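Coordinates as given in my_file26.tsv (TSV, C-alpha atoms):
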chain	number	residue	atom	x	y	z
I	1033	MET	CA	-36.67	-2.31	-27.41
I	1034	SER	CA	-39.88	-4.08	-26.54
I	1035	GLU	CA	-39.11	-4.47	-22.83
I	1036	PRO	CA	-40.54	-1.63	-20.73
I	1037	LEU	CA	-37.94	0.48	-18.97
I	1038	PRO	CA	-37.94	-0.04	-15.21
I	1039	ALA	CA	-39.55	2.80	-13.28
I	1040	GLY	CA	-36.70	3.06	-10.79
I	1041	PRO	CA	-36.97	5.71	-8.09
I	1042	SER	CA	-39.90	7.71	-9.46
I	1043	ILE	CA	-42.36	8.38	-6.62
I	1044	ARG	CA	-41.82	11.49	-4.49
I	1045	ARG	CA	-42.23	11.23	-0.73
I	1046	ILE	CA	-40.45	12.37	2.45
I	1047	PRO	CA	-38.51	9.45	3.93
I	1048	ASP	CA	-38.54	8.91	7.72
I	1049	GLY	CA	-36.17	11.33	9.42
I	1050	ASP	CA	-35.74	13.51	6.36
I	1051	ASP	CA	-37.15	16.97	5.74
I	1052	ARG	CA	-37.78	17.00	2.02
I	1053	GLU	CA	-39.20	14.83	-0.72
I	1054	ARG	CA	-36.93	12.23	-2.28
I	1055	LEU	CA	-37.44	9.85	-5.19
I	1056	VAL	CA	-38.51	6.38	-4.08
I	1057	CYS	CA	-38.79	3.32	-6.32
I	1058	PRO	CA	-42.39	2.01	-6.40
I	1059	ASP	CA	-41.13	-1.49	-7.23
I	1060	CYS	CA	-38.45	-2.01	-4.60
I	1061	GLY	CA	-38.74	0.91	-2.13
I	1062	TYR	CA	-35.18	2.17	-2.64
I	1063	VAL	CA	-34.72	5.85	-1.72
I	1064	SER	CA	-32.63	7.75	-4.24
I	1065	TYR	CA	-30.94	10.89	-2.96
I	1066	GLU	CA	-30.80	12.98	-6.08
I	1067	ASN	CA	-27.63	15.00	-6.24
I	1068	PRO	CA	-26.80	17.98	-8.36
I	1069	LYS	CA	-24.53	17.14	-11.26
I	1070	ILE	CA	-21.08	18.58	-11.82
I	1071	VAL	CA	-20.13	19.53	-15.36
I	1072	VAL	CA	-16.42	20.00	-16.02
I	1073	GLY	CA	-14.87	21.43	-19.14
I	1074	SER	CA	-12.57	24.07	-20.49
I	1075	VAL	CA	-11.92	26.87	-22.88
I	1076	ALA	CA	-9.04	25.08	-24.59
I	1077	LEU	CA	-6.56	27.20	-26.50
I	1078	TRP	CA	-4.04	26.61	-29.26
I	1079	ASP	CA	-2.06	29.72	-30.14
I	1080	GLY	CA	-5.06	31.91	-29.31
I	1081	LEU	CA	-7.52	29.72	-31.19
I	1082	ILE	CA	-10.45	28.25	-29.26
I	1083	LEU	CA	-11.47	24.60	-29.47
I	1084	LEU	CA	-15.16	24.04	-30.14
I	1085	CYS	CA	-17.09	20.84	-30.78
I	1086	ARG	CA	-20.27	20.49	-32.85
I	1087	ARG	CA	-22.57	18.20	-30.91
I	1088	ALA	CA	-23.67	14.87	-32.38
I	1089	ILE	CA	-26.11	14.08	-29.56
I	1090	PRO	CA	-29.10	15.73	-27.93
I	1091	PRO	CA	-29.63	18.17	-26.37
I	1092	ARG	CA	-28.69	20.75	-29.01
I	1093	ASP	CA	-27.48	18.24	-31.60
I	1094	GLY	CA	-25.68	20.16	-34.36
I	1095	PHE	CA	-24.79	23.16	-32.20
I	1096	TRP	CA	-21.32	24.16	-31.02
I	1097	THR	CA	-20.06	23.76	-27.48
I	1098	LEU	CA	-16.93	23.63	-25.37
I	1099	PRO	CA	-15.44	20.23	-24.55
I	1100	ALA	CA	-17.31	19.56	-21.30
I	1101	GLY	CA	-19.42	16.91	-19.65
I	1102	TYR	CA	-20.37	15.20	-16.42
I	1103	LEU	CA	-17.69	14.53	-13.86
I	1104	GLU	CA	-17.39	10.80	-13.20
I	1105	THR	CA	-17.12	9.25	-9.75
I	1106	GLY	CA	-13.58	8.91	-8.43
I	1107	GLU	CA	-12.34	11.67	-10.73
I	1108	SER	CA	-10.98	15.10	-9.89
I	1109	THR	CA	-12.51	18.10	-11.63
I	1110	GLU	CA	-9.27	18.82	-13.49
I	1111	ALA	CA	-8.97	15.19	-14.63
I	1112	GLY	CA	-12.57	15.28	-15.79
I	1113	ALA	CA	-11.97	18.37	-17.93
I	1114	VAL	CA	-8.92	16.67	-19.48
I	1115	ARG	CA	-10.94	13.52	-20.18
I	1116	GLU	CA	-13.79	15.46	-21.79
I	1117	ALA	CA	-11.38	17.23	-24.19
I	1118	TRP	CA	-10.10	13.82	-25.24
I	1119	GLU	CA	-13.52	12.17	-25.51
I	1120	GLU	CA	-15.16	14.96	-27.47
I	1121	ALA	CA	-12.30	16.33	-29.56
I	1122	ARG	CA	-9.39	13.87	-29.25
I	1123	ALA	CA	-7.52	16.85	-27.84
I	1124	ARG	CA	-4.72	16.65	-25.31
I	1125	ILE	CA	-4.88	19.57	-22.90
I	1126	GLU	CA	-3.21	20.93	-19.79
I	1127	ILE	CA	-5.35	22.75	-17.24
I	1128	GLU	CA	-4.19	26.31	-16.51
I	1129	THR	CA	-6.68	27.94	-14.15
I	1130	LEU	CA	-10.32	27.92	-13.07
I	1131	LEU	CA	-12.17	30.30	-15.36
I	1132	ALA	CA	-15.69	30.06	-13.97
I	1133	VAL	CA	-18.17	28.38	-11.65
I	1134	TYR	CA	-21.65	28.52	-13.12
I	1135	ASN	CA	-24.85	27.49	-11.38
I	1136	ILE	CA	-27.87	26.28	-13.34
I	1137	PRO	CA	-30.20	25.34	-10.50
I	1138	ARG	CA	-33.21	24.57	-12.71
I	1139	ILE	CA	-31.40	21.50	-13.92
I	1140	SER	CA	-29.32	21.11	-10.73
I	1141	GLN	CA	-26.05	21.65	-12.51
I	1142	VAL	CA	-22.82	23.18	-11.27
I	1143	GLN	CA	-20.29	23.83	-14.00
I	1144	LEU	CA	-16.57	24.19	-13.36
I	1145	ILE	CA	-14.98	25.61	-16.51
I	1146	TYR	CA	-11.21	25.86	-16.70
I	1147	ARG	CA	-8.87	27.63	-19.07
I	1148	SER	CA	-6.60	25.05	-20.67
I	1149	LYS	CA	-4.06	24.83	-23.45
I	1150	LEU	CA	-3.73	22.17	-26.09
I	1151	THR	CA	-0.40	20.43	-26.13
I	1152	SER	CA	-0.83	19.64	-29.83
I	1153	SER	CA	-3.05	21.00	-32.57
I	1154	GLU	CA	-4.15	17.51	-33.54
I	1155	ILE	CA	-7.87	17.22	-32.94
I	1156	ALA	CA	-10.62	14.98	-34.28
I	1157	PRO	CA	-14.27	14.43	-33.47
I	1158	GLY	CA	-15.00	11.88	-30.76
I	1159	PRO	CA	-18.22	9.80	-30.83
I	1160	GLU	CA	-20.34	12.63	-29.38
I	1161	SER	CA	-19.12	15.29	-31.84
I	1162	ARG	CA	-20.02	15.84	-35.51
I	1163	GLU	CA	-16.94	17.98	-36.06
I	1164	VAL	CA	-14.41	19.92	-34.07
I	1165	GLY	CA	-12.47	23.07	-34.86
I	1166	LEU	CA	-10.01	25.67	-33.64
I	1167	PHE	CA	-11.62	29.08	-34.02
I	1168	ARG	CA	-10.40	32.63	-34.13
I	1169	TRP	CA	-12.67	34.83	-32.02
I	1170	ASP	CA	-14.30	36.45	-35.07
I	1171	ASP	CA	-14.93	33.07	-36.67
I	1172	ILE	CA	-16.77	31.53	-33.71
I	1173	PRO	CA	-20.21	30.38	-34.92
I	1174	TRP	CA	-22.02	32.74	-32.53
I	1175	ASP	CA	-25.46	31.99	-33.91
I	1176	ASP	CA	-25.05	28.25	-33.42
I	1177	ILE	CA	-23.79	28.01	-29.84
I	1178	ALA	CA	-25.39	25.14	-27.91
I	1179	PHE	CA	-25.93	26.61	-24.43
I	1180	PRO	CA	-26.02	29.98	-22.67
I	1181	SER	CA	-23.12	28.94	-20.43
I	1182	VAL	CA	-20.93	28.47	-23.52
I	1183	HIS	CA	-21.57	32.12	-24.37
I	1184	TRP	CA	-20.73	33.08	-20.79
I	1185	ALA	CA	-17.49	31.09	-20.76
I	1186	LEU	CA	-16.33	32.53	-24.07
I	1187	GLY	CA	-17.06	36.07	-22.84
I	1188	HIS	CA	-15.36	35.44	-19.52
I	1189	HIS	CA	-12.36	34.00	-21.34
I	1190	ALA	CA	-12.11	37.17	-23.42
I	1191	GLU	CA	-12.22	39.29	-20.24
I	1192	THR	CA	-9.52	37.28	-18.46
I	1193	ARG	CA	-7.27	36.08	-21.27
I	1194	GLU	CA	-4.40	38.37	-20.27
I	1195	ALA	CA	-4.63	37.54	-16.55
I	1196	ALA	CA	-2.63	34.74	-14.96
I	1197	GLU	CA	-4.60	34.81	-11.71
I	1198	PHE	CA	-8.14	35.95	-11.07
I	1199	PRO	CA	-11.23	34.90	-9.14
I	1200	PRO	CA	-13.41	32.60	-11.24
I	1201	ARG	CA	-16.33	34.23	-12.95
I	1202	VAL	CA	-19.93	33.33	-12.07
I	1203	ASN	CA	-23.27	33.56	-13.90
I	1204	PRO	CA	-23.84	36.98	-15.48
I	1205	PRO	CA	-26.20	39.05	-13.28
I	1206	GLY	CA	-29.75	37.71	-13.41
I	1207	GLU	CA	-28.91	34.86	-15.74
I	1208	THR	CA	-29.86	31.34	-14.73
I	1209	GLY	CA	-28.71	29.40	-17.78
I	1210	ASP	CA	-32.17	28.89	-19.20
I	1211	PHE	CA	-32.91	29.62	-22.83
N	993	MET	CA	-37.34	-1.55	11.65
N	994	SER	CA	-38.14	-5.18	10.93
N	995	GLU	CA	-38.62	-4.64	7.19
N	996	PRO	CA	-35.44	-5.34	5.22
N	997	LEU	CA	-34.00	-2.35	3.43
N	998	PRO	CA	-34.49	-2.54	-0.33
N	999	ALA	CA	-31.31	-3.38	-2.24
N	1000	GLY	CA	-31.80	-0.60	-4.75
N	1001	PRO	CA	-29.20	-0.22	-7.49
N	1002	SER	CA	-26.50	-2.52	-6.10
N	1003	ILE	CA	-25.22	-4.75	-8.93
N	1004	ARG	CA	-22.36	-3.46	-11.09
N	1005	ARG	CA	-22.53	-3.98	-14.83
N	1006	ILE	CA	-21.92	-2.00	-18.04
N	1007	PRO	CA	-25.27	-0.92	-19.52
N	1008	ASP	CA	-25.80	-1.16	-23.30
N	1009	GLY	CA	-24.10	1.75	-25.06
N	1010	ASP	CA	-22.09	2.77	-22.02
N	1011	ASP	CA	-18.38	2.33	-21.43
N	1012	ARG	CA	-18.15	1.79	-17.69
N	1013	GLU	CA	-19.85	-0.12	-14.92
N	1014	ARG	CA	-22.94	1.42	-13.34
N	1015	LEU	CA	-25.09	0.35	-10.43
N	1016	VAL	CA	-28.17	-1.60	-11.49
N	1017	CYS	CA	-31.05	-2.62	-9.23
N	1018	PRO	CA	-31.37	-6.44	-9.10
N	1019	ASP	CA	-35.07	-6.12	-8.26
N	1020	CYS	CA	-36.30	-3.70	-10.90
N	1021	GLY	CA	-33.43	-3.26	-13.40
N	1022	TYR	CA	-33.11	0.52	-12.93
N	1023	VAL	CA	-29.68	1.90	-13.88
N	1024	SER	CA	-28.37	4.44	-11.40
N	1025	TYR	CA	-25.78	6.85	-12.75
N	1026	GLU	CA	-23.74	7.60	-9.66
N	1027	ASN	CA	-22.64	11.18	-9.61
N	1028	PRO	CA	-19.95	12.84	-7.58
N	1029	LYS	CA	-21.34	14.86	-4.69
N	1030	ILE	CA	-20.90	18.57	-4.22
N	1031	VAL	CA	-20.19	19.83	-0.72
N	1032	VAL	CA	-20.75	23.53	-0.13
N	1033	GLY	CA	-19.74	25.47	2.94
N	1034	SER	CA	-17.81	28.44	4.20
N	1035	VAL	CA	-15.27	29.88	6.53
N	1036	ALA	CA	-17.75	32.19	8.23
N	1037	LEU	CA	-16.36	35.21	10.06
N	1038	TRP	CA	-17.59	37.53	12.79
N	1039	ASP	CA	-15.14	40.31	13.59
N	1040	GLY	CA	-12.22	38.02	12.74
N	1041	LEU	CA	-13.61	35.07	14.72
N	1042	ILE	CA	-14.24	31.81	12.85
N	1043	LEU	CA	-17.46	29.83	13.15
N	1044	LEU	CA	-16.98	26.14	13.90
N	1045	CYS	CA	-19.51	23.41	14.63
N	1046	ARG	CA	-18.94	20.33	16.75
N	1047	ARG	CA	-20.53	17.44	14.91
N	1048	ALA	CA	-23.41	15.49	16.47
N	1049	ILE	CA	-23.54	12.88	13.70
N	1050	PRO	CA	-21.15	10.41	12.10
N	1051	PRO	CA	-18.71	10.53	10.48
N	1052	ARG	CA	-16.44	12.19	13.05
N	1053	ASP	CA	-19.13	12.74	15.67
N	1054	GLY	CA	-17.73	15.05	18.36
N	1055	PHE	CA	-15.14	16.69	16.11
N	1056	TRP	CA	-15.16	20.26	14.87
N	1057	THR	CA	-15.95	21.30	11.32
N	1058	LEU	CA	-16.97	24.23	9.17
N	1059	PRO	CA	-20.66	24.72	8.39
N	1060	ALA	CA	-20.84	22.67	5.19
N	1061	GLY	CA	-22.84	19.88	3.62
N	1062	TYR	CA	-24.26	18.42	0.45
N	1063	LEU	CA	-25.69	20.75	-2.15
N	1064	GLU	CA	-29.37	20.02	-2.73
N	1065	THR	CA	-31.00	19.77	-6.14
N	1066	GLY	CA	-32.32	23.07	-7.50
N	1067	GLU	CA	-29.97	25.06	-5.29
N	1068	SER	CA	-27.04	27.28	-6.23
N	1069	THR	CA	-23.72	26.67	-4.53
N	1070	GLU	CA	-23.88	30.02	-2.73
N	1071	ALA	CA	-27.44	29.34	-1.53
N	1072	GLY	CA	-26.34	25.92	-0.31
N	1073	ALA	CA	-23.51	27.40	1.75
N	1074	VAL	CA	-25.95	29.90	3.30
N	1075	ARG	CA	-28.41	27.10	4.10
N	1076	GLU	CA	-25.75	24.93	5.72
N	1077	ALA	CA	-24.67	27.77	8.03
N	1078	TRP	CA	-28.27	28.09	9.14
N	1079	GLU	CA	-28.91	24.36	9.50
N	1080	GLU	CA	-25.74	23.58	11.43
N	1081	ALA	CA	-25.18	26.76	13.43
N	1082	ARG	CA	-28.34	28.88	13.13
N	1083	ALA	CA	-26.01	31.46	11.63
N	1084	ARG	CA	-27.03	34.04	9.06
N	1085	ILE	CA	-24.23	34.65	6.59
N	1086	GLU	CA	-23.42	36.55	3.43
N	1087	ILE	CA	-21.13	34.95	0.87
N	1088	GLU	CA	-18.05	37.03	0.05
N	1089	THR	CA	-15.82	35.04	-2.31
N	1090	LEU	CA	-14.88	31.52	-3.35
N	1091	LEU	CA	-12.03	30.44	-1.06
N	1092	ALA	CA	-11.31	26.95	-2.40
N	1093	VAL	CA	-12.28	24.07	-4.65
N	1094	TYR	CA	-11.16	20.77	-3.12
N	1095	ASN	CA	-11.31	17.38	-4.78
N	1096	ILE	CA	-11.60	14.19	-2.75
N	1097	PRO	CA	-11.91	11.62	-5.53
N	1098	ARG	CA	-11.79	8.56	-3.27
N	1099	ILE	CA	-15.23	9.50	-2.00
N	1100	SER	CA	-16.23	11.32	-5.21
N	1101	GLN	CA	-16.58	14.65	-3.50
N	1102	VAL	CA	-16.01	18.15	-4.83
N	1103	GLN	CA	-16.03	20.82	-2.15
N	1104	LEU	CA	-16.72	24.48	-2.86
N	1105	ILE	CA	-15.74	26.45	0.22
N	1106	TYR	CA	-16.54	30.16	0.36
N	1107	ARG	CA	-15.45	32.95	2.65
N	1108	SER	CA	-18.52	34.45	4.27
N	1109	LYS	CA	-19.39	36.89	7.00
N	1110	LEU	CA	-21.99	36.51	9.70
N	1111	THR	CA	-24.58	39.24	9.73
N	1112	SER	CA	-25.16	38.70	13.47
N	1113	SER	CA	-23.18	36.99	16.20
N	1114	GLU	CA	-26.23	34.99	17.28
N	1115	ILE	CA	-25.49	31.33	16.73
N	1116	ALA	CA	-26.86	28.10	18.18
N	1117	PRO	CA	-26.40	24.42	17.42
N	1118	GLY	CA	-28.69	22.96	14.77
N	1119	PRO	CA	-29.80	19.32	14.93
N	1120	GLU	CA	-26.53	18.01	13.46
N	1121	SER	CA	-24.26	19.97	15.85
N	1122	ARG	CA	-23.42	19.34	19.52
N	1123	GLU	CA	-22.21	22.88	19.98
N	1124	VAL	CA	-21.07	25.82	17.90
N	1125	GLY	CA	-18.57	28.56	18.59
N	1126	LEU	CA	-16.77	31.61	17.27
N	1127	PHE	CA	-13.05	31.01	17.61
N	1128	ARG	CA	-9.97	33.17	17.63
N	1129	TRP	CA	-7.26	31.57	15.51
N	1130	ASP	CA	-5.22	30.50	18.53
N	1131	ASP	CA	-8.25	29.00	20.23
N	1132	ILE	CA	-9.27	26.73	17.33
N	1133	PRO	CA	-9.42	23.14	18.61
N	1134	TRP	CA	-6.71	22.00	16.19
N	1135	ASP	CA	-6.45	18.50	17.65
N	1136	ASP	CA	-10.15	17.87	17.23
N	1137	ILE	CA	-10.79	18.94	13.65
N	1138	ALA	CA	-13.14	16.57	11.81
N	1139	PHE	CA	-11.64	16.39	8.30
N	1140	PRO	CA	-8.39	17.19	6.46
N	1141	SER	CA	-10.23	19.63	4.20
N	1142	VAL	CA	-11.23	21.68	7.27
N	1143	HIS	CA	-7.54	22.09	8.05
N	1144	TRP	CA	-6.91	23.09	4.43
N	1145	ALA	CA	-9.71	25.64	4.41
N	1146	LEU	CA	-8.58	27.23	7.66
N	1147	GLY	CA	-5.01	27.49	6.36
N	1148	HIS	CA	-6.15	28.88	3.03
N	1149	HIS	CA	-8.32	31.39	4.83
N	1150	ALA	CA	-5.32	32.56	6.84
N	1151	GLU	CA	-3.30	32.97	3.61
N	1152	THR	CA	-6.00	34.97	1.84
N	1153	ARG	CA	-7.74	36.86	4.65
N	1154	GLU	CA	-6.35	40.23	3.55
N	1155	ALA	CA	-7.15	39.70	-0.15
N	1156	ALA	CA	-10.40	40.84	-1.71
N	1157	GLU	CA	-9.85	38.89	-4.92
N	1158	PHE	CA	-7.78	35.79	-5.53
N	1159	PRO	CA	-7.97	32.48	-7.39
N	1160	PRO	CA	-9.55	29.79	-5.22
N	1161	ARG	CA	-7.14	27.46	-3.49
N	1162	VAL	CA	-7.02	23.73	-4.30
N	1163	ASN	CA	-5.85	20.62	-2.43
N	1164	PRO	CA	-2.39	21.06	-0.91
N	1165	PRO	CA	0.21	19.30	-3.12
N	1166	GLY	CA	-0.07	15.53	-2.90
N	1167	GLU	CA	-3.03	15.60	-0.53
N	1168	THR	CA	-6.18	13.70	-1.44
N	1169	GLY	CA	-8.30	14.33	1.64
N	1170	ASP	CA	-7.83	10.89	3.11
N	1171	PHE	CA	-6.88	10.46	6.75

Write the structure described by the file as structure tokens, please.
Amino acid sequence: MSEPLPAGPSIRRIPDGDDRERLVCPDCGYVSYENPKIVVGSVALWDGLILLCRRAIPPRDGFWTLPAGYLETGESTEAGAVREAWEEARARIEIETLLAVYNIPRISQVQLIYRSKLTSSEIAPGPESREVGLFRWDDIPWDDIAFPSVHWALGHHAETREAAEFPPRVNPPGETGDF
Amino acid sequence: MSEPLPAGPSIRRIPDGDDRERLVCPDCGYVSYENPKIVVGSVALWDGLILLCRRAIPPRDGFWTLPAGYLETGESTEAGAVREAWEEARARIEIETLLAVYNIPRISQVQLIYRSKLTSSEIAPGPESREVGLFRWDDIPWDDIAFPSVHWALGHHAETREAAEFPPRVNPPGETGDF
């Protein structure tokens, strides 16, 4: 790639009538209202086993995560979690209940993590996964988990696995999702 | 304003390595990844009365709504709901529990609506409200509610008002939030 990337909205200033800085493009003047991003995913279960995906892309390439990713426009949160399971692990899932709502304000991320069940044990790595697996609790690769919120979700799943209905869990006390 | 507004990212095409159309700026080439927006707000209570705000801005100028609005970057969902109560109704609130997660995919909106309590009955319209009020259930201006999701949240509040813990409600069956 020899062509320079366009700057896009990259200058911070307060637009007229606003009360905080926004990103403005130095080339064309467009004001970009940055929005927090919604991550949707699930703790996906097959006969008590937990689906994990070993990442093939940064950040945390090579580490294990839940099937989860950015919600797309025009998509419900449940549909997004179903799509992510397919894209990352070629897994077909059904959403059961909302397990957790995590906030990671440093990176402006809100995560909605569901509990789901696989409708088949057939899984295979999608383009963003090196490998995928169905893990017994004791076999989870605890030392190679990609993100703090994956640890949280696995712990919150263990706490709530016997419950049909419960309020969704939130960040553990004092934890902000940073490493 | 005699200066034309910049176009910004306004042309749809599939960027290299992507699998769906994104908005690209015709002037500078910047690719904008549109993200769904997160709305945060609450059913805010004072001694059983419900805080409502009569909108002073479009859409639905003049109609009544809950204190709610877009989550800002770097902000947790609970902090956003607290901020919105202040901005729209000069109300100080404490978040109690997550009442509902609504999806309105047509406008790419995910709404997180909490139950909260006012810590004082002092309220006053903020710049985006014509007036604000604390309503008994029977006095709610049902014919002048701004959005379907406000109806949903009020109904879900009534269903859950005696419960300390419960799974958050979702869209009523078949409802997508459109008028």

Quick one: residues within 8 Å of Arg1122 of chain N, all atoms listed in the file, excluding same-chain residues fewer than 5 positions away - as JSON, numbers by chain?
{"N": [1045, 1046, 1047, 1048, 1054, 1117]}

Taking all atoms listed in the file into account, which of N:Asn1163, N:Ser1141, N:Thr1111, N:Asn1095 comes nearest chain I?
N:Asn1095

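Shortest atom-to-atom contact with Leu1044 of chain N among N:Glu1167, N:Glu1114, N:Glu1080, N:Glu1026: N:Glu1080, counting all atoms listed in the file.
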
May I have a table of the residues of segment 1089-1150 of chain N lying at most 12 Å from segment 1061-1065 of chain N, giving each one's closest pair of atoms and their distance in Å to one decimal, counting all atoms listed in the file, ordered by chain and ascending residue number, as a tab-separated table?
residue	atom	partner	partner_atom	distance
N:Gln1101	CA	N:Tyr1062	CA	9.4
N:Val1102	CA	N:Tyr1062	CA	9.8
N:Gln1103	CA	N:Tyr1062	CA	9.0
N:Leu1104	CA	N:Leu1063	CA	9.7
N:Ile1105	CA	N:Gly1061	CA	10.3
N:Glu1120	CA	N:Gly1061	CA	10.7

Write the residues of the preceding selection, restricted to C-alpha atoms, as a PDB file, in the coordinates of the input.
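Result saved to again.pdb:
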ATOM      1  CA  GLN N1101     -16.580  14.650  -3.500  1.00  0.00           C
ATOM      2  CA  VAL N1102     -16.010  18.150  -4.830  1.00  0.00           C
ATOM      3  CA  GLN N1103     -16.030  20.820  -2.150  1.00  0.00           C
ATOM      4  CA  LEU N1104     -16.720  24.480  -2.860  1.00  0.00           C
ATOM      5  CA  ILE N1105     -15.740  26.450   0.220  1.00  0.00           C
ATOM      6  CA  GLU N1120     -26.530  18.010  13.460  1.00  0.00           C
TER       7      GLU N1120
END

Tell me as a count of residues only which residues belonging to chain N come within 6 Å of chain I, counting only C-alpha atoms.
18

Atom-to-atom span, atom CA of Ala1092 of chain N and atom CA of Tyr1106 of chain N, Å
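Atom-to-atom, atom CA of Ala1092 of chain N to atom CA of Tyr1106 of chain N, that is 6.7 Å.
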
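Checking I:Val1071, I:Ser1153, I:Arg1115, I:Pro1205 one by one against Phe1167 of chain I, counting all atoms listed in the file, you find the shortest gap at I:Ser1153.
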